[in-house]
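Structure data follow from work-v2.cif (mmCIF, C-alpha atoms):
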data_coords
#
loop_
_atom_site.label_atom_id
_atom_site.label_comp_id
_atom_site.auth_asym_id
_atom_site.auth_seq_id
_atom_site.Cartn_x
_atom_site.Cartn_y
_atom_site.Cartn_z
CA MET A 35 210.37 -54.59 -147.84
CA LEU A 36 209.33 -52.90 -144.66
CA LEU A 37 205.81 -54.05 -145.22
CA ARG A 38 206.95 -57.67 -145.45
CA ILE A 39 208.95 -57.33 -142.34
CA CYS A 40 205.89 -55.94 -140.48
CA LEU A 41 203.67 -58.68 -141.78
CA ILE A 42 206.15 -61.34 -140.74
CA LEU A 43 206.44 -59.81 -137.30
CA THR A 44 202.70 -59.67 -136.98
CA ILE A 45 202.39 -63.35 -137.90
CA VAL A 46 205.18 -64.30 -135.53
CA ALA A 47 203.51 -62.30 -132.73
CA GLY A 48 200.15 -64.03 -133.39
CA LEU A 49 201.77 -67.42 -133.36
CA ALA A 50 203.51 -66.60 -130.11
CA THR A 51 200.26 -65.42 -128.58
CA ALA A 52 198.44 -68.55 -129.76
CA TYR A 53 201.19 -70.77 -128.40
CA LEU A 54 201.16 -69.04 -125.06
CA GLY A 55 197.29 -69.35 -124.75
CA PHE A 56 197.17 -73.00 -125.74
CA PHE A 57 198.40 -74.48 -122.41
CA PRO A 58 195.65 -72.97 -120.13
CA VAL A 59 192.90 -74.14 -122.53
CA LYS A 60 194.48 -77.60 -122.69
CA ASP A 61 194.35 -77.86 -118.91
CA ILE A 62 190.70 -76.83 -118.85
CA ILE A 63 189.80 -79.38 -121.53
CA THR A 64 191.72 -82.08 -119.71
CA THR A 65 190.00 -81.27 -116.40
CA THR A 66 186.60 -81.16 -118.06
CA ARG A 67 187.18 -84.54 -119.74
CA GLU A 68 188.29 -86.09 -116.44
CA ALA A 69 185.20 -84.69 -114.68
CA ARG A 70 183.01 -85.98 -117.50
CA ASP A 71 184.60 -89.43 -117.37
CA ASP A 72 184.27 -89.52 -113.58
CA PHE A 73 180.59 -88.52 -113.78
CA HIS A 74 179.98 -91.11 -116.49
CA THR A 75 181.65 -93.76 -114.35
CA LYS A 76 179.57 -92.82 -111.31
CA LEU A 77 176.40 -92.68 -113.43
CA THR A 78 177.10 -96.12 -114.85
CA ALA A 79 177.75 -97.49 -111.36
CA GLU A 80 174.58 -95.90 -110.01
CA THR A 81 172.56 -97.25 -112.92
CA ASP A 82 173.96 -100.74 -112.36
CA LEU A 83 173.17 -100.47 -108.65
CA GLN A 84 169.60 -99.37 -109.40
CA GLN A 85 169.17 -102.29 -111.82
CA LYS A 86 170.57 -104.73 -109.27
CA THR A 87 168.32 -103.24 -106.58
CA ALA A 88 165.26 -103.51 -108.85
CA THR A 89 166.17 -107.12 -109.66
CA THR A 90 166.64 -107.92 -105.97
CA LEU A 91 163.34 -106.19 -105.08
CA LYS A 92 161.52 -108.11 -107.79
CA LYS A 93 163.01 -111.38 -106.56
CA THR A 94 162.17 -110.52 -102.94
CA LYS A 95 158.58 -109.67 -103.91
CA SER A 96 158.26 -112.97 -105.77
CA GLU A 97 159.61 -114.85 -102.75
CA LEU A 98 157.24 -112.90 -100.48
CA ASP A 99 154.26 -113.79 -102.69
CA SER A 100 155.33 -117.42 -102.69
CA THR A 101 155.76 -117.39 -98.90
CA THR A 102 152.34 -115.75 -98.47
CA ALA A 103 150.74 -118.43 -100.67
CA LYS A 104 152.49 -121.17 -98.69
CA LEU A 105 151.37 -119.55 -95.43
CA THR A 106 147.77 -119.44 -96.66
CA THR A 107 147.97 -123.10 -97.67
CA THR A 108 149.55 -124.01 -94.33
CA GLN A 109 146.83 -122.10 -92.46
CA GLY A 110 144.14 -124.02 -94.35
CA GLU A 111 145.91 -127.32 -93.65
CA LEU A 112 146.20 -126.36 -89.97
CA GLU A 113 142.46 -125.61 -89.75
CA THR A 114 141.69 -128.92 -91.48
CA ALA A 115 144.03 -130.75 -89.11
CA THR A 116 142.43 -129.02 -86.10
CA THR A 117 138.94 -130.04 -87.25
CA LYS A 118 140.11 -133.60 -87.84
CA ASN A 119 141.77 -133.67 -84.43
CA THR A 120 138.52 -132.50 -82.78
CA GLU A 121 136.60 -135.24 -84.59
CA LEU A 122 139.18 -137.83 -83.52
CA GLU A 123 138.99 -136.65 -79.91
CA LYS A 124 135.18 -136.97 -79.99
CA GLN A 125 135.46 -140.45 -81.50
CA ASN A 126 138.01 -141.35 -78.84
CA THR A 127 135.66 -140.12 -76.09
CA ASP A 128 132.74 -142.09 -77.57
CA LEU A 129 134.86 -145.21 -77.87
CA THR A 130 136.07 -144.78 -74.30
CA ASP A 131 132.47 -144.51 -73.06
CA LYS A 132 131.49 -147.58 -75.07
CA LEU A 133 134.49 -149.46 -73.74
CA THR A 134 133.57 -148.51 -70.16
CA LYS A 135 129.96 -149.66 -70.66
CA THR A 136 131.06 -152.84 -72.42
CA THR A 137 133.53 -153.56 -69.63
CA ALA A 138 130.79 -153.03 -67.03
CA ARG A 139 128.46 -155.37 -68.94
CA ALA A 140 131.26 -157.91 -69.24
CA ASP A 141 131.91 -157.71 -65.49
CA THR A 142 128.20 -158.18 -64.78
CA ALA A 143 128.03 -161.09 -67.19
CA GLU A 144 131.10 -162.62 -65.55
CA GLN A 145 129.53 -162.26 -62.10
CA THR A 146 126.28 -163.79 -63.37
CA LEU A 147 128.22 -166.61 -65.00
CA GLU A 148 130.12 -167.21 -61.77
CA LYS A 149 126.82 -167.48 -59.92
CA TRP A 150 125.59 -169.96 -62.51
CA ARG A 151 128.81 -171.95 -62.07
CA GLN A 152 128.06 -172.22 -58.36
CA LEU A 153 124.60 -173.68 -59.02
CA PRO A 154 124.03 -177.43 -58.71
CA PRO A 155 123.97 -179.60 -61.84
CA PRO A 156 120.83 -179.46 -64.02
CA GLU A 157 119.51 -182.78 -62.71
CA GLN A 158 119.73 -181.50 -59.13
CA ILE A 159 118.04 -178.25 -60.14
CA ALA A 160 115.17 -180.24 -61.69
CA GLY A 161 114.80 -182.13 -58.41
CA ILE A 162 114.87 -178.90 -56.40
CA ILE A 163 112.21 -177.36 -58.67
CA SER A 164 110.06 -180.45 -58.29
CA ASP A 165 110.44 -180.38 -54.50
CA LEU A 166 109.69 -176.66 -54.47
CA ALA A 167 106.50 -177.17 -56.50
CA GLN A 168 105.43 -179.96 -54.15
CA THR A 169 106.21 -177.79 -51.11
CA LYS A 170 104.22 -174.94 -52.64
CA ARG A 171 101.23 -177.23 -53.23
CA GLU A 172 101.44 -178.49 -49.67
CA ARG A 173 101.69 -174.92 -48.37
CA ASP A 174 98.69 -173.83 -50.44
CA ALA A 175 96.74 -176.83 -49.12
CA ILE A 176 97.68 -175.94 -45.54
CA VAL A 177 96.72 -172.29 -46.12
CA SER A 178 93.37 -173.36 -47.56
CA GLU A 179 92.77 -175.74 -44.65
CA ASN A 180 93.72 -173.00 -42.23
CA LYS A 181 91.23 -170.63 -43.86
CA ILE A 182 88.55 -173.29 -43.56
CA LEU A 183 89.44 -173.91 -39.92
CA VAL A 184 89.41 -170.19 -39.15
CA ALA A 185 86.05 -169.80 -40.89
CA SER A 186 84.67 -172.79 -39.01
CA ARG A 187 86.02 -171.44 -35.73
CA ASP A 188 84.39 -168.07 -36.40
CA ASP A 189 81.12 -169.76 -37.34
CA TYR A 190 81.16 -171.89 -34.18
CA LYS A 191 82.06 -168.81 -32.17
CA VAL A 192 79.11 -166.93 -33.60
CA LYS A 193 76.80 -169.87 -32.97
CA TRP A 194 78.18 -170.23 -29.44
CA GLU A 195 77.53 -166.57 -28.76
CA ARG A 196 74.05 -166.88 -30.16
CA ILE A 197 73.24 -169.88 -27.94
CA PHE A 198 75.16 -169.18 -24.75
CA GLY A 199 76.22 -165.56 -24.98
CA ASN A 200 74.46 -162.27 -25.17
CA GLY A 201 74.82 -162.01 -28.93
CA GLU A 202 76.96 -158.89 -28.78
CA ALA A 203 80.37 -160.44 -29.52
CA PRO A 204 81.96 -159.01 -32.72
CA VAL A 205 81.99 -161.18 -35.85
CA LEU A 206 85.48 -161.57 -37.34
CA MET A 207 86.00 -161.29 -41.09
CA PRO A 208 89.18 -161.17 -43.26
CA GLU A 209 91.38 -158.15 -42.60
CA GLY A 210 91.22 -155.62 -45.45
CA LEU A 211 87.94 -156.97 -46.79
CA LYS A 212 86.37 -154.45 -49.21
CA GLY A 213 83.27 -154.28 -51.34
CA VAL A 214 80.97 -151.96 -53.26
CA VAL A 215 77.31 -151.07 -52.77
CA MET A 216 75.39 -152.47 -55.76
CA ALA A 217 71.88 -151.38 -54.75
CA VAL A 218 70.22 -149.28 -52.01
CA ASP A 219 66.74 -149.46 -50.51
CA PRO A 220 66.29 -146.09 -48.77
CA LYS A 221 62.85 -147.05 -47.47
CA TYR A 222 64.04 -150.02 -45.39
CA ASP A 223 67.66 -148.89 -45.07
CA PHE A 224 69.39 -151.96 -46.50
CA VAL A 225 72.02 -152.36 -49.23
CA VAL A 226 73.17 -155.14 -51.55
CA LEU A 227 76.97 -155.69 -51.65
CA ASN A 228 79.10 -157.35 -54.36
CA ILE A 229 80.93 -159.56 -51.82
CA GLY A 230 79.77 -162.77 -50.17
CA ASP A 231 80.85 -166.08 -48.70
CA ASP A 232 83.66 -166.54 -51.27
CA GLN A 233 85.25 -163.35 -49.98
CA GLY A 234 84.81 -164.24 -46.29
CA VAL A 235 81.68 -162.22 -45.46
CA LYS A 236 79.90 -163.40 -42.29
CA GLU A 237 76.39 -162.81 -40.95
CA ARG A 238 76.27 -160.09 -38.32
CA GLY A 239 79.63 -158.83 -39.50
CA GLU A 240 79.89 -155.04 -39.52
CA MET A 241 81.55 -152.88 -42.18
CA MET A 242 82.14 -149.13 -42.55
CA LEU A 243 80.59 -147.16 -45.42
CA ASP A 244 83.08 -144.91 -47.21
CA ARG A 245 82.79 -142.38 -50.02
CA LYS A 246 86.10 -140.98 -51.31
CA GLY A 247 87.73 -141.21 -47.90
CA LYS A 248 84.74 -139.83 -45.99
CA LEU A 249 82.84 -141.99 -43.45
CA ILE A 250 79.12 -141.91 -44.21
CA GLY A 251 77.82 -144.82 -42.09
CA LYS A 252 78.05 -148.42 -40.98
CA VAL A 253 76.24 -151.61 -42.04
CA ARG A 254 75.62 -155.03 -40.47
CA ILE A 255 75.49 -158.13 -42.70
CA THR A 256 72.12 -159.92 -42.51
CA THR A 257 72.23 -162.39 -45.41
CA VAL A 258 75.23 -163.98 -47.13
CA ASP A 259 75.23 -165.69 -50.53
CA LYS A 260 78.15 -167.07 -52.54
CA ASP A 261 79.29 -163.80 -54.12
CA ARG A 262 76.93 -161.19 -52.67
CA SER A 263 75.33 -160.20 -49.42
CA VAL A 264 72.64 -157.99 -47.92
CA ALA A 265 73.34 -155.58 -45.07
CA THR A 266 71.28 -153.23 -42.90
CA ILE A 267 72.32 -149.59 -42.51
CA LEU A 268 72.85 -148.82 -38.79
CA SER A 269 70.90 -145.68 -38.06
CA GLU A 270 73.15 -144.59 -35.19
CA TRP A 271 76.13 -144.48 -37.58
CA LYS A 272 74.38 -142.84 -40.52
CA ARG A 273 76.13 -139.62 -41.67
CA GLY A 274 74.41 -139.15 -45.02
CA GLU A 275 72.44 -140.82 -47.78
CA VAL A 276 74.02 -144.05 -49.04
CA ARG A 277 74.45 -144.32 -52.79
CA GLU A 278 75.27 -147.02 -55.31
CA GLY A 279 79.05 -147.14 -55.79
CA ASP A 280 79.87 -146.33 -52.14
CA GLN A 281 82.55 -148.60 -50.69
CA VAL A 282 82.30 -150.90 -47.63
CA ILE A 283 85.47 -151.58 -45.63
CA TYR A 284 86.17 -154.02 -42.81
#

Rendering of file as structure tokens:
Amino acid sequence: MLLRICLILTIVAGLATAYLGFFPVKDIITTTREARDDFHTKLTAETDLQQKTATTLKKTKSELDSTTAKLTTTQGELETATTKNTELEKQNTDLTDKLTKTTARADTAEQTLEKWRQLPPPEQIAGIISDLAQTKRERDAIVSENKILVASRDDYKVKWERIFGNGEAPVLMPEGLKGVVMAVDPKYDFVVLNIGDDQGVKERGEMMLDRKGKLIGKVRITTVDKDRSVATILSEWKRGEVREGDQVIY
């Protein structure tokens, strides 16, 4: 009987002890669960944030790649446009130059046309040309007659000097008369010239001998033919040996 009572008391004491220890353990379990749930919630939120951040970063990178590609394309288009603009500016400059030249030619043509407008009618021009040709023929005839008269005067002057003078008067020949020595006779000191009566050479006319700008002597005409003449080398003027090809100057 006593044993039963002791056993019952022991069981009751164990139950009481278990009941009294249950509340602190329950609090610990509850706190642990709350901490676990809070950590899980934060972990879930952090994971979602990381996923959203990764998604945003991926999208931003894609947009950046797209923008970079567009920038590269735009840069190429800008370079192409710049090259085209340079070409257009050069074409514009060339066209401006051509326009300026064309305008100048047009102005010149207009001035020329205006001068032509001021000219007399064609029939009057034909008459003027005819009169001009006739005047030119008359002038040439007068010039020829004048040359003949001058030549005759010089001839008569020479003859007069020969008859009544002392024979020392100078013989006049055309200004600027030139010729070339064709042959030389060193023994008798005379030369043959390639100029004669057709060029205005006169007997007793005197001409200077020249070789490349250097005076080498003087000659006096003794015989005159149509297109050649013979002259004597004046010893007092001789500065060297006369050669074929030397020039005579009046």

ask   = Between CA of Asp223 (chain A) and CA of Tyr284 (chain A), what is the spacing in Å?
value = 19.3 Å

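One finds CA of Arg171 (chain A) at 27.5 Å from CA of Lys212 (chain A).
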
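What separates CA of Asp165 (chain A) from CA of Ala143 (chain A) is a distance of 29.0 Å.
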